[in-house]
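Next comes input_7.cif, with mmCIF, C-alpha atoms.
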```cif
data_input
#
loop_
_atom_site.label_atom_id
_atom_site.label_comp_id
_atom_site.auth_asym_id
_atom_site.auth_seq_id
_atom_site.Cartn_x
_atom_site.Cartn_y
_atom_site.Cartn_z
CA MET N 1 -8.98 -14.54 18.39
CA HIS N 2 -7.35 -13.13 21.50
CA THR N 3 -9.91 -12.28 24.12
CA THR N 4 -8.55 -8.79 24.79
CA THR N 5 -8.64 -7.71 21.14
CA PRO N 6 -10.82 -4.60 20.81
CA LEU N 7 -13.57 -5.23 18.27
CA ALA N 8 -16.25 -3.05 16.73
CA ALA N 9 -19.79 -4.39 16.60
CA ASP N 10 -20.56 -3.10 13.11
CA CYS N 11 -17.24 -3.88 11.39
CA PRO N 12 -17.19 -6.74 8.85
CA LEU N 13 -13.54 -7.50 9.61
CA CYS N 14 -14.35 -7.83 13.30
CA LEU N 15 -17.36 -10.06 12.57
CA GLU N 16 -15.98 -12.23 9.76
CA LEU N 17 -12.62 -13.64 8.68
CA GLY N 18 -12.71 -11.66 5.43
CA GLY N 19 -11.47 -14.50 3.21
CA LEU N 20 -10.10 -18.02 3.34
CA LEU N 21 -8.07 -18.31 6.53
CA ILE N 22 -4.40 -19.12 5.97
CA LEU N 23 -2.98 -18.44 9.41
CA GLN N 24 -3.70 -16.37 12.46
CA THR N 25 -1.89 -15.13 15.53
CA PRO N 26 -3.28 -13.08 18.44
CA ARG N 27 -2.29 -9.89 16.60
CA TRP N 28 -3.06 -10.52 12.93
CA ARG N 29 -4.49 -13.03 10.51
CA VAL N 30 -3.81 -13.75 6.85
CA VAL N 31 -6.59 -14.73 4.50
CA ARG N 32 -6.77 -15.38 0.78
CA VAL N 33 -9.27 -13.18 -0.99
CA ILE N 34 -11.53 -15.08 -3.39
CA ASP N 35 -11.23 -13.06 -6.58
CA GLU N 36 -11.41 -14.77 -9.98
CA ALA N 37 -9.40 -12.09 -11.73
CA PHE N 38 -6.65 -12.01 -9.08
CA PRO N 39 -6.27 -15.46 -7.60
CA ALA N 40 -2.98 -14.72 -5.80
CA PHE N 41 -4.50 -12.05 -3.59
CA TYR N 42 -3.81 -12.31 0.15
CA ARG N 43 -4.80 -9.98 2.92
CA LEU N 44 -3.19 -9.39 6.29
CA ILE N 45 -5.83 -8.19 8.73
CA TRP N 46 -4.85 -6.67 12.07
CA GLN N 47 -7.02 -8.36 14.68
CA ALA N 48 -7.67 -5.26 16.76
CA HIS N 49 -10.05 -2.71 15.31
CA VAL N 50 -7.71 0.14 14.42
CA ALA N 51 -8.15 2.27 11.31
CA GLU N 52 -4.71 3.46 10.33
CA PHE N 53 -1.24 1.94 10.07
CA SER N 54 0.07 4.72 12.31
CA ASP N 55 -2.36 3.63 15.03
CA LEU N 56 0.04 0.73 15.60
CA ASP N 57 3.11 1.24 17.76
CA ALA N 58 6.58 0.77 16.29
CA LEU N 59 6.90 -2.89 17.27
CA GLN N 60 3.46 -3.68 15.89
CA ARG N 61 4.24 -1.87 12.63
CA ALA N 62 7.44 -3.85 12.25
CA GLU N 63 5.66 -7.13 12.95
CA CYS N 64 2.91 -6.21 10.51
CA MET N 65 5.28 -5.34 7.67
CA GLU N 66 7.53 -8.33 8.25
CA ALA N 67 4.47 -10.54 7.82
CA VAL N 68 3.47 -8.61 4.68
CA THR N 69 7.03 -9.07 3.40
CA ALA N 70 6.89 -12.80 4.09
CA ILE N 71 3.72 -13.09 2.00
CA GLU N 72 5.31 -11.02 -0.77
CA ARG N 73 8.38 -13.25 -0.80
CA ALA N 74 6.29 -16.42 -0.91
CA LEU N 75 4.36 -15.08 -3.91
CA ARG N 76 7.52 -13.98 -5.68
CA GLY N 77 9.20 -17.32 -5.10
CA ALA N 78 6.24 -19.43 -6.14
CA LEU N 79 4.83 -17.41 -9.03
CA GLN N 80 7.51 -15.07 -10.41
CA PRO N 81 4.88 -12.36 -10.83
CA THR N 82 5.51 -9.29 -12.99
CA LYS N 83 4.95 -7.14 -9.89
CA ILE N 84 3.72 -7.27 -6.34
CA ASN N 85 1.15 -4.69 -5.28
CA LEU N 86 0.83 -3.73 -1.60
CA ALA N 87 -1.88 -1.42 -0.31
CA THR N 88 -3.81 -0.46 2.77
CA LEU N 89 -6.79 1.68 1.84
CA GLY N 90 -9.75 0.94 4.11
CA ASN N 91 -12.05 3.61 2.72
CA VAL N 92 -15.01 1.24 2.87
CA VAL N 93 -13.91 -0.87 5.85
CA PRO N 94 -11.70 1.27 8.09
CA HIS N 95 -10.15 -1.66 9.93
CA LEU N 96 -6.44 -2.03 9.20
CA HIS N 97 -5.78 -4.59 6.47
CA TRP N 98 -3.02 -4.94 3.91
CA HIS N 99 -3.60 -6.21 0.40
CA VAL N 100 -0.76 -8.30 -1.04
CA ILE N 101 -1.45 -9.06 -4.69
CA ALA N 102 0.67 -10.84 -7.29
CA ARG N 103 0.24 -9.11 -10.64
CA PHE N 104 1.07 -10.47 -14.07
CA ASP N 105 1.52 -8.71 -17.39
CA TRP N 106 -1.27 -10.93 -18.73
CA ASP N 107 -3.80 -10.24 -15.96
CA SER N 108 -7.11 -8.52 -16.69
CA HIS N 109 -6.02 -5.07 -15.47
CA PHE N 110 -2.24 -4.90 -15.81
CA PRO N 111 -0.62 -2.39 -15.67
CA ASN N 112 -3.63 -0.68 -14.12
CA PRO N 113 -4.26 -1.08 -10.41
CA ILE N 114 -6.82 -3.81 -9.71
CA TRP N 115 -9.25 -1.02 -8.81
CA GLY N 116 -8.85 0.63 -12.21
CA GLU N 117 -10.18 -0.23 -15.64
CA ALA N 118 -9.84 -3.70 -17.07
CA LYS N 119 -7.54 -3.93 -20.07
CA ARG N 120 -8.29 -7.41 -21.44
CA GLU N 121 -10.10 -10.70 -20.98
CA VAL N 122 -8.11 -13.65 -19.68
CA THR N 123 -9.27 -16.69 -21.56
CA GLY N 124 -9.34 -19.84 -19.49
CA GLY N 125 -9.25 -17.85 -16.25
CA ALA N 126 -6.38 -16.46 -14.24
CA GLU N 127 -6.03 -19.30 -11.75
CA ALA N 128 -5.22 -21.80 -14.53
CA ARG N 129 -2.20 -19.69 -15.49
CA LEU N 130 -0.53 -19.84 -12.10
CA ALA N 131 2.51 -22.08 -11.70
CA LEU N 132 0.96 -24.13 -8.91
CA PRO N 133 -2.45 -25.05 -7.46
CA MET N 134 -3.98 -22.65 -4.95
CA SER N 135 -3.68 -25.13 -2.08
CA ASP N 136 0.07 -25.35 -2.71
CA LEU N 137 0.35 -21.58 -2.89
CA ASP N 138 -1.57 -21.24 0.38
CA GLN N 139 0.85 -23.71 1.94
CA ARG N 140 3.85 -21.71 0.71
CA VAL N 141 2.37 -18.54 2.22
CA ARG N 142 1.65 -20.34 5.48
CA ALA N 143 5.22 -21.67 5.60
CA ALA N 144 6.66 -18.22 4.86
CA LEU N 145 4.72 -16.87 7.83
CA GLY N 146 6.48 -19.37 10.05
CA ALA N 147 3.66 -21.87 10.48
CA MET U 1 21.74 11.65 -4.46
CA HIS U 2 24.26 9.29 -2.98
CA THR U 3 26.93 8.45 -5.54
CA THR U 4 26.76 4.71 -4.92
CA THR U 5 23.00 4.52 -5.48
CA PRO U 6 22.29 2.04 -8.28
CA LEU U 7 20.23 3.77 -10.98
CA ALA U 8 18.60 2.54 -14.17
CA ALA U 9 19.11 4.54 -17.36
CA ASP U 10 15.51 4.19 -18.57
CA CYS U 11 13.66 4.66 -15.29
CA PRO U 12 11.75 7.93 -14.79
CA LEU U 13 12.25 7.78 -11.02
CA CYS U 14 16.01 7.46 -11.52
CA LEU U 15 16.04 10.36 -14.01
CA GLU U 16 13.59 12.76 -12.36
CA LEU U 17 12.47 13.67 -8.87
CA GLY U 18 8.91 12.49 -9.56
CA GLY U 19 7.18 15.45 -7.88
CA LEU U 20 7.85 18.52 -5.79
CA LEU U 21 10.82 17.70 -3.55
CA ILE U 22 10.04 17.88 0.16
CA LEU U 23 13.13 16.22 1.60
CA GLN U 24 15.77 13.73 0.64
CA THR U 25 18.33 11.53 2.32
CA PRO U 26 20.89 9.21 0.73
CA ARG U 27 18.38 6.35 0.88
CA TRP U 28 14.99 7.92 0.07
CA ARG U 29 13.28 11.10 -0.95
CA VAL U 30 9.79 12.44 -0.36
CA VAL U 31 7.97 14.43 -3.01
CA ARG U 32 4.51 15.88 -3.27
CA VAL U 33 2.59 14.66 -6.28
CA ILE U 34 0.86 17.44 -8.22
CA ASP U 35 -2.68 16.13 -8.56
CA GLU U 36 -5.65 18.53 -8.58
CA ALA U 37 -8.07 15.93 -7.30
CA PHE U 38 -5.79 14.75 -4.47
CA PRO U 39 -3.72 17.67 -3.27
CA ALA U 40 -2.46 15.93 -0.11
CA PHE U 41 -0.65 13.18 -2.03
CA TYR U 42 2.96 12.49 -1.08
CA ARG U 43 5.31 9.85 -2.37
CA LEU U 44 8.31 8.26 -0.73
CA ILE U 45 10.74 7.11 -3.41
CA TRP U 46 13.59 4.76 -2.57
CA GLN U 47 16.70 6.24 -4.17
CA ALA U 48 18.18 2.95 -5.36
CA HIS U 49 16.52 1.29 -8.31
CA VAL U 50 14.82 -1.69 -6.68
CA ALA U 51 11.43 -2.99 -7.76
CA GLU U 52 9.88 -4.60 -4.71
CA PHE U 53 9.57 -3.77 -1.02
CA SER U 54 11.06 -7.18 -0.20
CA ASP U 55 14.18 -6.22 -2.17
CA LEU U 56 15.06 -4.04 0.83
CA ASP U 57 16.75 -5.59 3.85
CA ALA U 58 15.03 -5.52 7.24
CA LEU U 59 16.69 -2.29 8.38
CA GLN U 60 15.86 -0.57 5.12
CA ARG U 61 12.24 -1.75 5.29
CA ALA U 62 11.95 -0.40 8.83
CA GLU U 63 13.46 2.95 7.83
CA CYS U 64 11.17 3.12 4.80
CA MET U 65 7.99 2.43 6.74
CA GLU U 66 8.92 4.73 9.62
CA ALA U 67 9.23 7.54 7.08
CA VAL U 68 5.90 6.55 5.50
CA THR U 69 4.39 6.57 9.00
CA ALA U 70 5.81 10.03 9.70
CA ILE U 71 4.15 11.36 6.54
CA GLU U 72 0.88 9.67 7.48
CA ARG U 73 0.96 11.21 10.95
CA ALA U 74 1.71 14.67 9.59
CA LEU U 75 -1.28 14.41 7.23
CA ARG U 76 -3.56 13.12 9.98
CA GLY U 77 -2.49 15.86 12.36
CA ALA U 78 -2.79 18.68 9.86
CA LEU U 79 -5.86 17.63 7.88
CA GLN U 80 -7.95 15.18 9.92
CA PRO U 81 -8.63 13.18 6.74
CA THR U 82 -11.40 10.59 6.58
CA LYS U 83 -8.74 7.98 5.75
CA ILE U 84 -5.12 7.57 4.79
CA ASN U 85 -4.34 5.39 1.79
CA LEU U 86 -0.91 3.73 1.50
CA ALA U 87 0.17 1.79 -1.55
CA THR U 88 3.19 0.59 -3.45
CA LEU U 89 2.16 -0.67 -6.87
CA GLY U 90 4.83 0.15 -9.46
CA ASN U 91 3.19 -1.67 -12.35
CA VAL U 92 4.12 1.15 -14.73
CA VAL U 93 7.31 2.31 -13.03
CA PRO U 94 8.85 -0.66 -11.19
CA HIS U 95 11.07 1.47 -8.94
CA LEU U 96 10.03 1.23 -5.29
CA HIS U 97 7.81 4.13 -4.26
CA TRP U 98 5.10 4.48 -1.66
CA HIS U 99 1.99 6.56 -2.17
CA VAL U 100 0.69 8.31 0.96
CA ILE U 101 -2.64 9.96 0.23
CA ALA U 102 -5.04 11.81 2.53
CA ARG U 103 -8.60 10.94 1.53
CA PHE U 104 -11.76 12.82 2.43
CA ASP U 105 -15.40 11.77 2.30
CA TRP U 106 -15.98 14.73 -0.03
CA ASP U 107 -13.15 13.96 -2.48
CA SER U 108 -13.86 13.14 -6.12
CA HIS U 109 -13.46 9.36 -5.73
CA PHE U 110 -14.23 8.53 -2.09
CA PRO U 111 -14.73 5.75 -1.03
CA ASN U 112 -13.25 4.39 -4.25
CA PRO U 113 -9.49 4.11 -4.56
CA ILE U 114 -8.01 7.09 -6.42
CA TRP U 115 -7.43 4.68 -9.34
CA GLY U 116 -11.11 3.75 -9.51
CA GLU U 117 -14.17 5.58 -10.81
CA ALA U 118 -14.90 9.15 -9.84
CA LYS U 119 -18.01 9.56 -7.70
CA ARG U 120 -18.57 13.33 -7.80
CA GLU U 121 -17.30 16.73 -8.83
CA VAL U 122 -15.67 18.86 -6.16
CA THR U 123 -16.81 22.41 -6.76
CA GLY U 124 -14.15 24.99 -6.02
CA GLY U 125 -11.39 22.38 -6.17
CA ALA U 126 -9.99 20.06 -3.55
CA GLU U 127 -7.03 22.17 -2.44
CA ALA U 128 -9.34 24.99 -1.29
CA ARG U 129 -10.99 22.59 1.15
CA LEU U 130 -7.83 21.67 3.01
CA ALA U 131 -7.33 23.13 6.47
CA LEU U 132 -4.03 24.81 5.57
CA PRO U 133 -2.07 26.05 2.53
CA MET U 134 0.04 23.51 0.67
CA SER U 135 3.30 25.20 1.68
CA ASP U 136 2.34 24.82 5.34
CA LEU U 137 1.39 21.19 4.78
CA ASP U 138 4.71 20.55 3.04
CA GLN U 139 6.47 22.08 6.03
CA ARG U 140 4.55 19.85 8.44
CA VAL U 141 5.57 16.79 6.41
CA ARG U 142 9.19 17.95 6.29
CA ALA U 143 9.20 18.50 10.06
CA ALA U 144 7.65 15.09 10.68
CA LEU U 145 10.47 13.54 8.68
CA GLY U 146 12.95 15.11 11.06
CA ALA U 147 14.14 18.00 8.87
#
```
Output the file's structure in the form of structure tokens.
Amino acid sequence: MHTTTPLAADCPLCLELGGLLILQTPRWRVVRVIDEAFPAFYRLIWQAHVAEFSDLDALQRAECMEAVTAIERALRGALQPTKINLATLGNVVPHLHWHVIARFDWDSHFPNPIWGEAKREVTGGAEARLALPMSDLDQRVRAALGA
Amino acid sequence: MHTTTPLAADCPLCLELGGLLILQTPRWRVVRVIDEAFPAFYRLIWQAHVAEFSDLDALQRAECMEAVTAIERALRGALQPTKINLATLGNVVPHLHWHVIARFDWDSHFPNPIWGEAKREVTGGAEARLALPMSDLDQRVRAALGA
């Protein structure tokens, strides 16, 4: 992490990576969230402790969303998901992070948001239904981010 | 609506405005969603029928997110919300639209996402707790978008 990045002492995203590290730069990092129901769930975390997207300046916002778009494109290309979901909420952890989630018409909650009610059980688990192993998917995401 | 905008015959966001119209341009429109629990809930809808954010080109993505940012800033300035939530899901209506929602620590679902479980009842209604009338808020959003 860049030494001039402002951090907050009590913020979990300042203290921990927040998932399996895929790639990081001085300004942001991308992790994969470990979630059985949604295996293709990545998160872009801004390194500096800012709460809102509009706390970034225009260049930072563009860089942030181009990285989010690269993750989205990697997931679309690798998995042909029914839909991509993007969100930055931060109600619990107000440190800017973007969720990038591949959704499938067979997943436990579809078409509900992942935060809504489950609609079905996925026998055999969600990860087994993906078109490629997680390590390959991680590598595709990493490559899309220019690593 | 611009006459060359590609529309889909069975898409509700191609057929209807999708909320109270605040402003529109040839490329996008902003509406306010009528939701009793979340009165400060705006939506940017891309006019063309595209499903995913990454279906836009780089200039379109920048224009889209600068408009989303303008809405966010108007809500922050007018309401001092606890948090802004941004999301593009589209699982039910796969026509690109961004939710921009001002959240408050007293709202019915906070800190849950609006799609999650309710946490409390808001006596007197949420709109009555906002710092200004909805028509004034709409005008602030319109002004922030450059109208």
Go through chain U and flag each residue having an atom no more than 9 Å from chain N; for those, report the closest pair of atoms plus their distance in Å to one decimal, using all atoms listed in the file, ordered by chain and rising number, as a tab-separated table.
```
residue	atom	partner	partner_atom	distance
U:Ala51	CA	N:Lys83	CA	8.0
U:Glu52	CA	N:Ile84	CA	6.9
U:Phe53	CA	N:Thr69	CA	7.4
U:Ser54	CA	N:Thr69	CA	5.7
U:Ala58	CA	N:Glu66	CA	8.1
U:Arg61	CA	N:Met65	CA	8.2
U:Ala62	CA	N:Ala62	CA	6.6
U:Met65	CA	N:Arg61	CA	8.2
U:Glu66	CA	N:Ala58	CA	8.1
U:Thr69	CA	N:Ser54	CA	5.7
U:Ala70	CA	N:Ser54	CA	8.2
U:Glu72	CA	N:Ser54	CA	7.0
U:Arg73	CA	N:Ser54	CA	6.7
U:Thr82	CA	N:Asn91	CA	8.0
U:Lys83	CA	N:Asn91	CA	6.3
U:Ile84	CA	N:Leu89	CA	6.8
U:Asn85	CA	N:Leu89	CA	4.4
U:Leu86	CA	N:Thr88	CA	5.3
U:Ala87	CA	N:Ala87	CA	4.0
U:Thr88	CA	N:Leu86	CA	5.3
U:Leu89	CA	N:Asn85	CA	4.4
U:Gly90	CA	N:Lys83	CA	7.3
U:Asn91	CA	N:Pro111	CA	5.1
U:Val92	CA	N:Pro111	CA	6.0
U:Pro94	CA	N:Lys83	CA	7.7
U:Arg103	CA	N:Asn91	CA	8.2
U:Asp105	CA	N:Asn91	CA	8.8
U:Phe110	CA	N:Asn91	CA	7.2
U:Pro111	CA	N:Asn91	CA	5.1
U:Asn112	CA	N:Asn91	CA	7.1
U:Pro113	CA	N:Trp115	CA	6.7
U:Ile114	CA	N:Trp115	CA	8.5
U:Trp115	CA	N:Gly116	CA	5.2
U:Gly116	CA	N:Gly116	CA	4.7
U:Glu117	CA	N:Gly116	CA	7.4
```
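You will find CA of Tyr42 (chain U) at 16.7 Å from CA of Arg27 (chain U).
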**Asked** Please, what distance in Å, to one decimal, runs between CA of Val33 (chain U) and CA of Gly19 (chain U)?
**Response**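 Computed distance, CA of Val33 (chain U) to CA of Gly19 (chain U), equals 4.9 Å.
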Once the PyMOL selection byres ((chain N and resi 144) around 7) has been applied to the shown file, what residues remain in the selection, as a compact mmCIF listing (two decimals) with C-alpha atoms, in the frame of the given file?
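selection-v4.txt, written as the output of this step:
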```
# COMPACT_ATOMS: atom_id res chain seq x y z
CA ALA N 70 6.89 -12.80 4.09
CA ILE N 71 3.72 -13.09 2.00
CA ALA N 74 6.29 -16.42 -0.91
CA ARG N 140 3.85 -21.71 0.71
CA VAL N 141 2.37 -18.54 2.22
CA ARG N 142 1.65 -20.34 5.48
CA ALA N 143 5.22 -21.67 5.60
CA LEU N 145 4.72 -16.87 7.83
CA GLY N 146 6.48 -19.37 10.05
```
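Note that CA of Val122 (chain N) and CA of Leu17 (chain N) are 28.7 Å apart.
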**Request:** Within 7 Å of Arg32 (chain U), counting all atoms listed in the file, which residues show up once you throw out same-chain ones fewer than 3 positions away? Write them as a PyMOL selection string, please.
**Result:** chain U and resi 19-22+41-43
**Request:** I would like the residues chosen by the PyMOL selection byres ((chain U and resi 123) around 12) on the shown file; could you give them as a VMD selection string?
**Result:** chain U and resid 36 to 37 106 to 108 120 to 122 124 to 129
Would you write out those residues with C-alpha atoms, as a PDB file, in the frame of the given file?
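Once written, part-v6.pdb looks like this:
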```pdb
ATOM      1  CA  GLU U  36      -5.650  18.530  -8.580  1.00  0.00           C
ATOM      2  CA  ALA U  37      -8.070  15.930  -7.300  1.00  0.00           C
ATOM      3  CA  TRP U 106     -15.980  14.730  -0.030  1.00  0.00           C
ATOM      4  CA  ASP U 107     -13.150  13.960  -2.480  1.00  0.00           C
ATOM      5  CA  SER U 108     -13.860  13.140  -6.120  1.00  0.00           C
ATOM      6  CA  ARG U 120     -18.570  13.330  -7.800  1.00  0.00           C
ATOM      7  CA  GLU U 121     -17.300  16.730  -8.830  1.00  0.00           C
ATOM      8  CA  VAL U 122     -15.670  18.860  -6.160  1.00  0.00           C
ATOM      9  CA  GLY U 124     -14.150  24.990  -6.020  1.00  0.00           C
ATOM     10  CA  GLY U 125     -11.390  22.380  -6.170  1.00  0.00           C
ATOM     11  CA  ALA U 126      -9.990  20.060  -3.550  1.00  0.00           C
ATOM     12  CA  GLU U 127      -7.030  22.170  -2.440  1.00  0.00           C
ATOM     13  CA  ALA U 128      -9.340  24.990  -1.290  1.00  0.00           C
ATOM     14  CA  ARG U 129     -10.990  22.590   1.150  1.00  0.00           C
TER      15      ARG U 129
END
```
**Prompt:** Evaluating the PyMOL selection byres ((chain U and resi 13) around 10) on the displayed file yields which residues, as a ChimeraX atom specification?
**Reply:** /U:7-12,14-19,45-49,93-97
**Message:** Under the rule that all atoms listed in the file are counted, which of U:Val50, U:Leu44, U:Leu79, U:Leu130 is the nearest residue to Leu23 (chain U)?
**Reply:**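 The closest residue to Leu23 (chain U) is U:Leu44.
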**Asked** With only C-alpha atoms as the atoms that count, which of N:Leu59, N:Ala78, N:Val30, N:Ala147 lies nearest to Pro133 (chain N)?
**Response**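 Going through N:Leu59, N:Ala78, N:Val30, N:Ala147 one by one, the smallest distance to Pro133 (chain N) is for N:Ala78.
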